[in-house]
Every structure is written in structure tokens, then in C-alpha cells.
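For reference, structure.cif (mmCIF, N, CA and C atoms):
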data_run
loop_
_atom_site.label_atom_id
_atom_site.label_comp_id
_atom_site.auth_asym_id
_atom_site.auth_seq_id
_atom_site.Cartn_x
_atom_site.Cartn_y
_atom_site.Cartn_z
N MET A 443 0.81 -1.19 0.00
CA MET A 443 0.00 0.00 0.00
C MET A 443 0.86 1.27 0.00
N LYS A 444 1.95 1.23 0.80
CA LYS A 444 2.83 2.39 0.87
C LYS A 444 3.48 2.66 -0.48
N ARG A 445 3.79 1.58 -1.22
CA ARG A 445 4.40 1.74 -2.54
C ARG A 445 3.47 2.48 -3.49
N LYS A 446 2.18 2.17 -3.44
CA LYS A 446 1.22 2.84 -4.30
C LYS A 446 1.13 4.32 -3.97
N ILE A 447 1.14 4.63 -2.70
CA ILE A 447 1.07 6.03 -2.29
C ILE A 447 2.30 6.79 -2.76
N VAL A 448 3.47 6.18 -2.59
CA VAL A 448 4.71 6.82 -3.03
C VAL A 448 4.70 7.02 -4.54
N SER A 449 4.23 6.01 -5.28
CA SER A 449 4.15 6.12 -6.74
C SER A 449 3.22 7.25 -7.15
N VAL A 450 2.08 7.35 -6.51
CA VAL A 450 1.12 8.40 -6.83
C VAL A 450 1.73 9.77 -6.53
N LEU A 451 2.41 9.90 -5.40
CA LEU A 451 3.04 11.17 -5.04
C LEU A 451 4.11 11.55 -6.05
N LEU A 452 4.89 10.59 -6.51
CA LEU A 452 5.92 10.87 -7.51
C LEU A 452 5.29 11.35 -8.82
N VAL A 453 4.23 10.70 -9.24
CA VAL A 453 3.55 11.10 -10.47
C VAL A 453 2.97 12.50 -10.33
N LEU A 454 2.32 12.78 -9.21
CA LEU A 454 1.75 14.11 -8.99
C LEU A 454 2.83 15.18 -8.93
N GLY A 455 3.94 14.88 -8.28
CA GLY A 455 5.05 15.83 -8.20
C GLY A 455 5.63 16.12 -9.57
N SER A 456 5.80 15.08 -10.38
CA SER A 456 6.33 15.25 -11.74
C SER A 456 5.37 16.08 -12.59
N ALA A 457 4.09 15.83 -12.45
CA ALA A 457 3.10 16.57 -13.23
C ALA A 457 3.10 18.04 -12.84
N SER A 458 3.25 18.34 -11.55
CA SER A 458 3.24 19.75 -11.14
C SER A 458 4.49 20.47 -11.63
N VAL A 459 5.63 19.79 -11.67
CA VAL A 459 6.85 20.40 -12.20
C VAL A 459 6.68 20.67 -13.69
N LEU A 460 6.13 19.71 -14.42
CA LEU A 460 5.92 19.90 -15.85
C LEU A 460 4.95 21.03 -16.13
N SER A 461 3.88 21.13 -15.35
CA SER A 461 2.93 22.21 -15.59
C SER A 461 3.52 23.56 -15.23
N ALA A 462 4.41 23.62 -14.24
CA ALA A 462 5.07 24.88 -13.89
C ALA A 462 5.97 25.33 -15.03
N CYS A 463 6.71 24.40 -15.62
CA CYS A 463 7.57 24.75 -16.76
C CYS A 463 6.71 25.22 -17.92
N SER A 464 5.64 24.50 -18.17
CA SER A 464 4.75 24.85 -19.28
C SER A 464 4.15 26.23 -19.06
N GLY A 465 3.78 26.54 -17.83
CA GLY A 465 3.22 27.85 -17.52
C GLY A 465 4.22 28.96 -17.79
N ASN A 466 5.47 28.76 -17.40
CA ASN A 466 6.51 29.77 -17.65
C ASN A 466 6.76 29.92 -19.14
N GLU A 467 6.74 28.82 -19.87
CA GLU A 467 6.92 28.87 -21.33
C GLU A 467 5.79 29.67 -21.97
N ASP A 468 4.56 29.40 -21.54
CA ASP A 468 3.40 30.13 -22.09
C ASP A 468 3.49 31.62 -21.78
N LYS A 469 3.94 31.95 -20.58
CA LYS A 469 4.09 33.35 -20.20
C LYS A 469 5.14 34.04 -21.07
N PHE A 470 6.23 33.33 -21.38
CA PHE A 470 7.27 33.92 -22.22
C PHE A 470 6.76 34.16 -23.63
N VAL A 471 6.02 33.21 -24.18
CA VAL A 471 5.42 33.38 -25.51
C VAL A 471 4.48 34.58 -25.49
N ALA A 472 3.67 34.71 -24.45
CA ALA A 472 2.75 35.85 -24.33
C ALA A 472 3.53 37.16 -24.21
N GLU A 473 4.66 37.13 -23.50
CA GLU A 473 5.50 38.33 -23.36
C GLU A 473 6.06 38.76 -24.72
N LEU A 474 6.50 37.79 -25.52
CA LEU A 474 7.03 38.11 -26.86
C LEU A 474 5.91 38.63 -27.76
N LYS A 475 4.74 38.04 -27.69
CA LYS A 475 3.62 38.51 -28.51
C LYS A 475 3.21 39.92 -28.09
N ALA A 476 3.26 40.20 -26.79
CA ALA A 476 2.94 41.55 -26.31
C ALA A 476 3.98 42.57 -26.79
N ALA A 477 5.20 42.11 -27.07
CA ALA A 477 6.26 42.98 -27.58
C ALA A 477 6.14 43.18 -29.09
N GLY A 478 5.09 42.59 -29.71
CA GLY A 478 4.83 42.83 -31.12
C GLY A 478 5.27 41.73 -32.07
N PHE A 479 5.83 40.65 -31.57
CA PHE A 479 6.28 39.55 -32.44
C PHE A 479 5.08 38.69 -32.80
N THR A 480 4.90 38.45 -34.09
CA THR A 480 3.74 37.69 -34.54
C THR A 480 4.08 36.25 -34.90
N THR A 481 5.29 36.01 -35.40
CA THR A 481 5.68 34.67 -35.80
C THR A 481 6.55 34.06 -34.70
N VAL A 482 5.87 33.55 -33.67
CA VAL A 482 6.55 33.00 -32.50
C VAL A 482 6.44 31.49 -32.54
N GLY A 483 7.58 30.80 -32.39
CA GLY A 483 7.60 29.34 -32.44
C GLY A 483 7.24 28.71 -31.10
N GLU A 484 7.43 27.40 -31.04
CA GLU A 484 7.16 26.65 -29.82
C GLU A 484 8.31 26.83 -28.84
N PRO A 485 8.01 27.09 -27.58
CA PRO A 485 9.07 27.25 -26.59
C PRO A 485 9.67 25.92 -26.17
N SER A 486 10.92 25.97 -25.74
CA SER A 486 11.56 24.79 -25.17
C SER A 486 12.35 25.24 -23.95
N THR A 487 12.58 24.32 -23.04
CA THR A 487 13.29 24.64 -21.81
C THR A 487 14.52 23.76 -21.69
N GLU A 488 15.65 24.41 -21.39
CA GLU A 488 16.90 23.69 -21.11
C GLU A 488 17.23 23.86 -19.64
N LYS A 489 17.56 22.76 -18.98
CA LYS A 489 17.91 22.82 -17.57
C LYS A 489 19.42 22.66 -17.41
N GLU A 490 19.98 23.47 -16.54
CA GLU A 490 21.41 23.43 -16.27
C GLU A 490 21.59 23.21 -14.77
N LYS A 491 22.33 22.19 -14.42
CA LYS A 491 22.58 21.89 -13.01
C LYS A 491 24.02 22.27 -12.68
N LYS A 492 24.20 22.87 -11.51
CA LYS A 492 25.52 23.29 -11.06
C LYS A 492 25.75 22.77 -9.65
N SER A 493 26.99 22.49 -9.35
CA SER A 493 27.34 22.17 -7.97
C SER A 493 28.61 22.94 -7.62
N LYS A 494 28.64 23.42 -6.40
CA LYS A 494 29.74 24.28 -5.95
C LYS A 494 30.16 23.82 -4.57
N LYS A 495 31.43 23.69 -4.37
CA LYS A 495 31.97 23.27 -3.08
C LYS A 495 32.09 24.49 -2.18
N VAL A 496 31.43 24.45 -1.03
CA VAL A 496 31.50 25.52 -0.04
C VAL A 496 31.94 24.87 1.26
N GLY A 497 33.22 25.05 1.56
CA GLY A 497 33.78 24.38 2.73
C GLY A 497 33.76 22.88 2.50
N LYS A 498 33.13 22.17 3.41
CA LYS A 498 33.04 20.71 3.30
C LYS A 498 31.74 20.28 2.62
N ARG A 499 30.88 21.24 2.33
CA ARG A 499 29.59 20.91 1.74
C ARG A 499 29.57 21.20 0.25
N THR A 500 28.76 20.47 -0.46
CA THR A 500 28.52 20.73 -1.88
C THR A 500 27.11 21.29 -2.02
N VAL A 501 27.04 22.49 -2.60
CA VAL A 501 25.75 23.14 -2.80
C VAL A 501 25.35 22.93 -4.25
N LYS A 502 24.16 22.36 -4.45
CA LYS A 502 23.67 22.09 -5.79
C LYS A 502 22.55 23.06 -6.13
N SER A 503 22.54 23.50 -7.38
CA SER A 503 21.47 24.38 -7.84
C SER A 503 21.15 24.04 -9.29
N SER A 504 20.00 24.49 -9.72
CA SER A 504 19.62 24.27 -11.12
C SER A 504 18.97 25.54 -11.64
N GLN A 505 19.05 25.70 -12.94
CA GLN A 505 18.49 26.88 -13.59
C GLN A 505 17.87 26.44 -14.90
N SER A 506 16.68 26.93 -15.18
CA SER A 506 16.00 26.61 -16.42
C SER A 506 16.01 27.82 -17.33
N THR A 507 16.39 27.60 -18.59
CA THR A 507 16.38 28.66 -19.59
C THR A 507 15.33 28.31 -20.63
N ILE A 508 14.40 29.23 -20.85
CA ILE A 508 13.36 29.03 -21.85
C ILE A 508 13.82 29.70 -23.14
N GLU A 509 13.70 28.99 -24.25
CA GLU A 509 14.11 29.50 -25.55
C GLU A 509 12.93 29.45 -26.51
N VAL A 510 12.78 30.52 -27.32
CA VAL A 510 11.69 30.60 -28.29
C VAL A 510 12.25 31.19 -29.58
N MET A 511 11.89 30.57 -30.71
CA MET A 511 12.28 31.08 -32.02
C MET A 511 11.24 32.08 -32.51
N VAL A 512 11.72 33.20 -33.06
CA VAL A 512 10.87 34.24 -33.61
C VAL A 512 11.40 34.58 -35.00
N ARG A 513 10.52 34.72 -35.98
CA ARG A 513 10.94 35.06 -37.34
C ARG A 513 10.66 36.53 -37.61
N VAL A 514 11.72 37.28 -37.98
CA VAL A 514 11.61 38.70 -38.29
C VAL A 514 12.47 38.99 -39.51
N LYS A 515 11.87 39.60 -40.54
CA LYS A 515 12.59 40.01 -41.75
C LYS A 515 13.40 38.86 -42.36
N GLY A 516 12.84 37.65 -42.35
CA GLY A 516 13.49 36.50 -42.94
C GLY A 516 14.48 35.79 -42.04
N CYS A 517 14.76 36.34 -40.87
CA CYS A 517 15.73 35.75 -39.95
C CYS A 517 15.03 35.01 -38.81
N ASP A 518 15.54 33.83 -38.49
CA ASP A 518 15.06 33.08 -37.34
C ASP A 518 15.93 33.48 -36.15
N LEU A 519 15.32 34.17 -35.21
CA LEU A 519 16.03 34.66 -34.03
C LEU A 519 15.59 33.87 -32.82
N GLU A 520 16.54 33.52 -31.97
CA GLU A 520 16.22 32.79 -30.75
C GLU A 520 16.30 33.75 -29.57
N PHE A 521 15.17 33.90 -28.89
CA PHE A 521 15.13 34.69 -27.67
C PHE A 521 15.17 33.72 -26.50
N ALA A 522 15.80 34.15 -25.40
CA ALA A 522 15.93 33.29 -24.23
C ALA A 522 15.64 34.09 -22.97
N LYS A 523 15.23 33.37 -21.94
CA LYS A 523 15.02 33.99 -20.63
C LYS A 523 15.20 32.94 -19.56
N ILE A 524 15.64 33.37 -18.40
CA ILE A 524 15.76 32.47 -17.25
C ILE A 524 14.37 32.31 -16.65
N SER A 525 13.95 31.08 -16.48
CA SER A 525 12.62 30.79 -15.95
C SER A 525 12.44 31.45 -14.58
N GLY A 526 11.33 32.15 -14.43
CA GLY A 526 11.02 32.77 -13.16
C GLY A 526 11.61 34.17 -12.98
N GLN A 527 12.41 34.64 -13.91
CA GLN A 527 12.99 35.98 -13.82
C GLN A 527 12.36 36.88 -14.87
N SER A 528 12.44 38.17 -14.65
CA SER A 528 11.91 39.10 -15.64
C SER A 528 12.98 39.39 -16.68
N GLY A 529 12.55 39.80 -17.84
CA GLY A 529 13.48 40.14 -18.91
C GLY A 529 13.89 38.95 -19.75
N TYR A 530 14.30 39.24 -20.98
CA TYR A 530 14.75 38.21 -21.91
C TYR A 530 15.82 38.85 -22.79
N TRP A 531 16.53 38.01 -23.56
CA TRP A 531 17.58 38.53 -24.42
C TRP A 531 17.57 37.83 -25.76
N LEU A 532 18.13 38.53 -26.75
CA LEU A 532 18.30 37.98 -28.09
C LEU A 532 19.55 37.12 -28.03
N ASP A 533 19.38 35.82 -28.15
CA ASP A 533 20.46 34.88 -27.89
C ASP A 533 21.22 34.48 -29.15
N GLU A 534 20.51 33.97 -30.16
CA GLU A 534 21.18 33.43 -31.35
C GLU A 534 20.40 33.76 -32.61
N LEU A 535 21.13 33.70 -33.72
CA LEU A 535 20.55 33.76 -35.06
C LEU A 535 20.66 32.35 -35.62
N HIS A 536 19.59 31.82 -36.18
CA HIS A 536 19.64 30.48 -36.77
C HIS A 536 19.62 30.62 -38.28
N VAL A 537 20.71 30.22 -38.93
CA VAL A 537 20.78 30.34 -40.39
C VAL A 537 21.71 29.25 -40.94
N GLY A 538 21.27 28.59 -41.99
CA GLY A 538 22.09 27.58 -42.65
C GLY A 538 22.60 26.48 -41.74
N GLY A 539 21.79 26.06 -40.78
CA GLY A 539 22.20 25.00 -39.86
C GLY A 539 23.16 25.48 -38.78
N GLN A 540 23.51 26.74 -38.78
CA GLN A 540 24.41 27.29 -37.77
C GLN A 540 23.60 28.07 -36.73
N GLU A 541 24.15 28.20 -35.54
CA GLU A 541 23.50 28.94 -34.47
C GLU A 541 24.50 29.88 -33.80
N PRO A 542 24.99 30.88 -34.53
CA PRO A 542 25.96 31.78 -33.90
C PRO A 542 25.29 32.67 -32.84
N ASP A 543 26.03 32.93 -31.75
CA ASP A 543 25.54 33.83 -30.71
C ASP A 543 25.38 35.22 -31.27
N TRP A 544 24.45 35.97 -30.72
CA TRP A 544 24.25 37.35 -31.13
C TRP A 544 25.19 38.22 -30.31
N PRO A 545 26.02 39.05 -30.97
CA PRO A 545 26.97 39.86 -30.20
C PRO A 545 26.27 40.90 -29.33
N GLY A 546 26.70 41.00 -28.10
CA GLY A 546 26.14 42.00 -27.21
C GLY A 546 24.86 41.61 -26.51
N TYR A 547 24.23 40.50 -26.88
CA TYR A 547 23.01 40.03 -26.25
C TYR A 547 22.02 41.16 -25.94
N PRO A 548 21.46 41.82 -26.96
CA PRO A 548 20.50 42.89 -26.68
C PRO A 548 19.32 42.36 -25.85
N GLU A 549 18.90 43.13 -24.86
CA GLU A 549 17.86 42.67 -23.94
C GLU A 549 16.53 43.39 -24.12
N ASN A 550 15.46 42.65 -23.86
CA ASN A 550 14.09 43.17 -23.79
C ASN A 550 13.67 43.98 -25.01
N LEU A 551 14.05 43.51 -26.19
CA LEU A 551 13.70 44.23 -27.42
C LEU A 551 12.27 43.94 -27.83
N ASN A 552 11.58 44.96 -28.31
CA ASN A 552 10.28 44.71 -28.92
C ASN A 552 10.50 44.55 -30.43
N ARG A 553 9.45 44.26 -31.16
CA ARG A 553 9.60 43.97 -32.59
C ARG A 553 10.21 45.15 -33.35
N ASP A 554 9.75 46.37 -33.08
CA ASP A 554 10.29 47.54 -33.79
C ASP A 554 11.78 47.72 -33.53
N GLN A 555 12.21 47.45 -32.30
CA GLN A 555 13.63 47.57 -31.98
C GLN A 555 14.45 46.50 -32.70
N VAL A 556 13.88 45.31 -32.86
CA VAL A 556 14.58 44.24 -33.59
C VAL A 556 14.72 44.61 -35.06
N VAL A 557 13.65 45.14 -35.65
CA VAL A 557 13.70 45.56 -37.05
C VAL A 557 14.78 46.62 -37.23
N LYS A 558 14.86 47.56 -36.32
CA LYS A 558 15.88 48.62 -36.38
C LYS A 558 17.28 48.03 -36.22
N LEU A 559 17.42 47.08 -35.29
CA LEU A 559 18.72 46.43 -35.07
C LEU A 559 19.18 45.67 -36.31
N LEU A 560 18.25 44.98 -36.98
CA LEU A 560 18.60 44.23 -38.17
C LEU A 560 19.05 45.17 -39.29
N ALA A 561 18.47 46.37 -39.36
CA ALA A 561 18.77 47.30 -40.45
C ALA A 561 20.01 48.16 -40.20
N ASP A 562 20.43 48.31 -38.94
CA ASP A 562 21.55 49.23 -38.67
C ASP A 562 22.91 48.59 -38.97
N ASN A 563 23.96 49.34 -38.73
CA ASN A 563 25.33 48.89 -39.06
C ASN A 563 26.05 48.25 -37.89
N SER A 564 25.34 47.83 -36.85
CA SER A 564 25.99 47.19 -35.70
C SER A 564 26.51 45.80 -36.08
N ALA A 565 27.34 45.24 -35.21
CA ALA A 565 27.92 43.91 -35.45
C ALA A 565 26.80 42.87 -35.50
N LYS A 566 26.88 42.00 -36.49
CA LYS A 566 25.89 40.95 -36.67
C LYS A 566 26.59 39.59 -36.65
N PRO A 567 25.85 38.54 -36.31
CA PRO A 567 26.43 37.20 -36.33
C PRO A 567 26.78 36.76 -37.74
N GLU A 568 27.65 35.78 -37.82
CA GLU A 568 28.03 35.18 -39.10
C GLU A 568 26.78 34.61 -39.78
N GLY A 569 26.63 34.81 -41.07
CA GLY A 569 25.49 34.27 -41.81
C GLY A 569 24.29 35.20 -41.85
N PHE A 570 24.39 36.35 -41.19
CA PHE A 570 23.25 37.27 -41.13
C PHE A 570 22.79 37.70 -42.52
N GLN A 571 23.71 38.04 -43.40
CA GLN A 571 23.34 38.51 -44.74
C GLN A 571 22.61 37.44 -45.54
N GLY A 572 22.82 36.17 -45.21
CA GLY A 572 22.16 35.08 -45.91
C GLY A 572 20.68 34.95 -45.60
N CYS A 573 20.24 35.52 -44.49
CA CYS A 573 18.82 35.38 -44.13
C CYS A 573 18.06 36.70 -44.20
N TYR A 574 18.73 37.80 -44.02
CA TYR A 574 18.06 39.09 -43.88
C TYR A 574 17.38 39.53 -45.18
N LYS A 575 16.09 39.78 -45.09
CA LYS A 575 15.29 40.25 -46.22
C LYS A 575 14.54 41.49 -45.76
N PRO A 576 15.09 42.69 -46.03
CA PRO A 576 14.49 43.91 -45.49
C PRO A 576 13.04 44.16 -45.92
N ASN A 577 12.60 43.59 -47.04
CA ASN A 577 11.25 43.83 -47.52
C ASN A 577 10.22 42.82 -46.99
N GLU A 578 10.70 41.82 -46.24
CA GLU A 578 9.80 40.81 -45.69
C GLU A 578 9.23 41.30 -44.35
N ALA A 579 8.07 40.80 -43.97
CA ALA A 579 7.42 41.23 -42.72
C ALA A 579 8.17 40.80 -41.49
#

Let's see the structure in the file written out as C-alpha cells.
Amino acid sequence: MKRKIVSVLLVLGSASVLSACSGNEDKFVAELKAAGFTTVGEPSTEKEKKSKKVGKRTVKSSQSTIEVMVRVKGCDLEFAKISGQSGYWLDELHVGGQEPDWPGYPENLNRDQVVKLLADNSAKPEGFQGCYKPNEA
């Protein structure tokens, strides 16, 4: 009987963790849409676990990063945010099977700011010219 109770508790705990991640992902998609992005992809979450030695003890922590692809002016841009924190950043450009980091990691950009960033003379990731179409939506 105790085994069944433990199994049920494990299943319920796993489901609540999954729904919490899903809720944060949905909130991030809503945040991007509120910033004016219309072509927003499916969110995904990457978990990173860290351990740090403090004296004789090892302190373990984990951090979840939510990533969402957004298409602007022909470019597939990956926005990322730390789950549970405010703000997000432009992480990568996806072009030709490559995923170069975006220099400077611009933060909390709305769609108009991204369009301006794509058009200006600032440093761009490798492959940018291959995807950028200024006349596309």
C-alpha cells in the first residue's frame, strides 16, 4: 500500500513540475507577442545543473532557460530567458544550420527595436546577410 502512495506522489510531483515549466513557457510566448512579435515558435526549456563546493559541503542548484524562435525580416532569431525571472535577451541567429551567438546580447527588445537592429550597421552574427530580407514582414 505504501508503494502505491509513493508512486502516486511521484507522479503528482512530476506533473506539477511539468505544468510549472509549461506555464513559464506560455508566459514567455505571451510576453514576446505583447512585444509585437507575430511569428513566435514553440518554446523549449533547457535545464542546467551546477554544484559548488562551499567548505566541506557541496551546494547544488539548477536553472531553467526558456528559448523561443521568432521570425523577423526572414531571420530566425532565438530569444531566451531564465525561468522565473523578468526580462529576456536575443540569444542566437539560426541560419544555414548554424547557431551563432548574437553579439552584445540585446535585452528586452520589442519587434520595432529588432527591425531597427537588423537594419543598422551594428555587429551581426556570421550568416546574417544570408537570411536578412528587409522587404519581408

- prompt: Using only C-alpha atoms, which of A:Asp518, A:Gln505, A:Leu551, A:Lys575 sits nearest Ser493 of chain A?
  reply: A:Gln505

- prompt: If we count all atoms listed in the file, what is near Pro542 of chain A at a cut-off of 6 Å, once residues fewer than 6 positions away on the same chain are taken out, given as an MDAnalysis selection string?
  reply: chainID A and resid 533:536 567:568

- request: May I ask for the distance between atom CA of Ala476 of chain A and atom CA of Leu559 of chain A, given in Å to one decimal place?
  value: 18.7 Å

field: Expected answer as a ChimeraX atom specification: all residues with atoms within 6 Å of (16.3, 24.1, -17.3), only C-alpha atoms
entry: /A:487-490,505-507

Export, as an mmCIF file, keeping the file's coordinate frame, the selected residues with N, CA and C atoms.
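In the end it all went to out33.cif:
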data_model
loop_
_atom_site.group_PDB
_atom_site.id
_atom_site.type_symbol
_atom_site.label_atom_id
_atom_site.label_comp_id
_atom_site.auth_asym_id
_atom_site.auth_seq_id
_atom_site.Cartn_x
_atom_site.Cartn_y
_atom_site.Cartn_z
ATOM 1 N N THR A 487 12.580 24.320 -23.040
ATOM 2 C CA THR A 487 13.290 24.640 -21.810
ATOM 3 C C THR A 487 14.520 23.760 -21.690
ATOM 4 N N GLU A 488 15.650 24.410 -21.390
ATOM 5 C CA GLU A 488 16.900 23.690 -21.110
ATOM 6 C C GLU A 488 17.230 23.860 -19.640
ATOM 7 N N LYS A 489 17.560 22.760 -18.980
ATOM 8 C CA LYS A 489 17.910 22.820 -17.570
ATOM 9 C C LYS A 489 19.420 22.660 -17.410
ATOM 10 N N GLU A 490 19.980 23.470 -16.540
ATOM 11 C CA GLU A 490 21.410 23.430 -16.270
ATOM 12 C C GLU A 490 21.590 23.210 -14.770
ATOM 13 N N GLN A 505 19.050 25.700 -12.940
ATOM 14 C CA GLN A 505 18.490 26.880 -13.590
ATOM 15 C C GLN A 505 17.870 26.440 -14.900
ATOM 16 N N SER A 506 16.680 26.930 -15.180
ATOM 17 C CA SER A 506 16.000 26.610 -16.420
ATOM 18 C C SER A 506 16.010 27.820 -17.330
ATOM 19 N N THR A 507 16.390 27.600 -18.590
ATOM 20 C CA THR A 507 16.380 28.660 -19.590
ATOM 21 C C THR A 507 15.330 28.310 -20.630
#

- prompt: What residues in segment 464-546 of chain A get the DSSP label strand (DSSP E or B)? Please answer as a PyMOL selection string.
  reply: chain A and resi 482+486-496+499-514+517-524+531-537+540+543

- request: On this file, the PyMOL selection byres ((chain A and resi 550) around 6) gives some set of residues; write that set as a PyMOL selection string.
  value: chain A and resi 529-532+548-549+551-552

May I have the residues from that selection written out with N, CA and C atoms, as an mmCIF file, keeping the file's coordinate frame?
data_model
loop_
_atom_site.group_PDB
_atom_site.id
_atom_site.type_symbol
_atom_site.label_atom_id
_atom_site.label_comp_id
_atom_site.auth_asym_id
_atom_site.auth_seq_id
_atom_site.Cartn_x
_atom_site.Cartn_y
_atom_site.Cartn_z
ATOM 1 N N GLY A 529 12.550 39.800 -17.840
ATOM 2 C CA GLY A 529 13.480 40.140 -18.910
ATOM 3 C C GLY A 529 13.890 38.950 -19.750
ATOM 4 N N TYR A 530 14.300 39.240 -20.980
ATOM 5 C CA TYR A 530 14.750 38.210 -21.910
ATOM 6 C C TYR A 530 15.820 38.850 -22.790
ATOM 7 N N TRP A 531 16.530 38.010 -23.560
ATOM 8 C CA TRP A 531 17.580 38.530 -24.420
ATOM 9 C C TRP A 531 17.570 37.830 -25.760
ATOM 10 N N LEU A 532 18.130 38.530 -26.750
ATOM 11 C CA LEU A 532 18.300 37.980 -28.090
ATOM 12 C C LEU A 532 19.550 37.120 -28.030
ATOM 13 N N PRO A 548 21.460 41.820 -26.960
ATOM 14 C CA PRO A 548 20.500 42.890 -26.680
ATOM 15 C C PRO A 548 19.320 42.360 -25.850
ATOM 16 N N GLU A 549 18.900 43.130 -24.860
ATOM 17 C CA GLU A 549 17.860 42.670 -23.940
ATOM 18 C C GLU A 549 16.530 43.390 -24.120
ATOM 19 N N LEU A 551 14.050 43.510 -26.190
ATOM 20 C CA LEU A 551 13.700 44.230 -27.420
ATOM 21 C C LEU A 551 12.270 43.940 -27.830
ATOM 22 N N ASN A 552 11.580 44.960 -28.310
ATOM 23 C CA ASN A 552 10.280 44.710 -28.920
ATOM 24 C C ASN A 552 10.500 44.550 -30.430
#

- prompt: Between A:Gly478, A:Lys494, A:Gly526, A:Phe470, which has the minimum distance to Asp554 of chain A (counting all atoms listed in the file)?
  reply: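 Among A:Gly478, A:Lys494, A:Gly526, A:Phe470, it is A:Gly478 that comes nearest to Asp554 of chain A.
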
task: With the file shown as input, list the residues that the PyMOL selection byres ((chain A and resi 503) around 5) selects, as a ChimeraX atom specification.
output: /A:491-493,501-502,504-505

message: So that I can see what lies close to Gly516 of chain A, please list as a PyMOL selection string the residues with an atom at most 12 Å from it, counting only C-alpha atoms and leaving out residues fewer than 4 positions away in the same chain.
response: chain A and resi 481+512+535-537+557+560+570-579

message: Given the PyMOL selection byres ((chain A and resi 508) around 7) and the file above, list the residues it selects as a ChimeraX atom specification.
response: /A:467,485-488,506-507,509-510,521-525

field: Counting only N, CA and C atoms, the option among A:Lys515, A:Gln555, A:Gly569, A:Ala477 closest to Gly538 of chain A
entry: A:Gly569

Hey, could you pull the box centre and edge lengths for segment 548-551 of chain A, axis-aligned, 5 Å padding per side, all listed atoms, to one decimal in Å, as lines of an AutoDock Vina configuration file?
center_x = 16.9
center_y = 43.0
center_z = -25.8
size_x = 19.2
size_y = 12.4
size_z = 14.0

message: Using only C-alpha atoms, can you tell me which of A:Lys475, A:Cys517, A:Lys495, A:Thr480 comes closest to Ala561 of chain A?
response: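 Going through A:Lys475, A:Cys517, A:Lys495, A:Thr480 one by one, the smallest distance to Ala561 of chain A is for A:Cys517.
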
Interatomic distance, atom N of Lys566 of chain A to atom CA of Phe479 of chain A (Å, one decimal):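 Distance reported for this atom pair: 21.1 Å.
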
query: Do you have the atom CA of Lys558 of chain A-atom C of Gly465 of chain A distance handy?
result: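 Distance reported for this atom pair: 29.5 Å.
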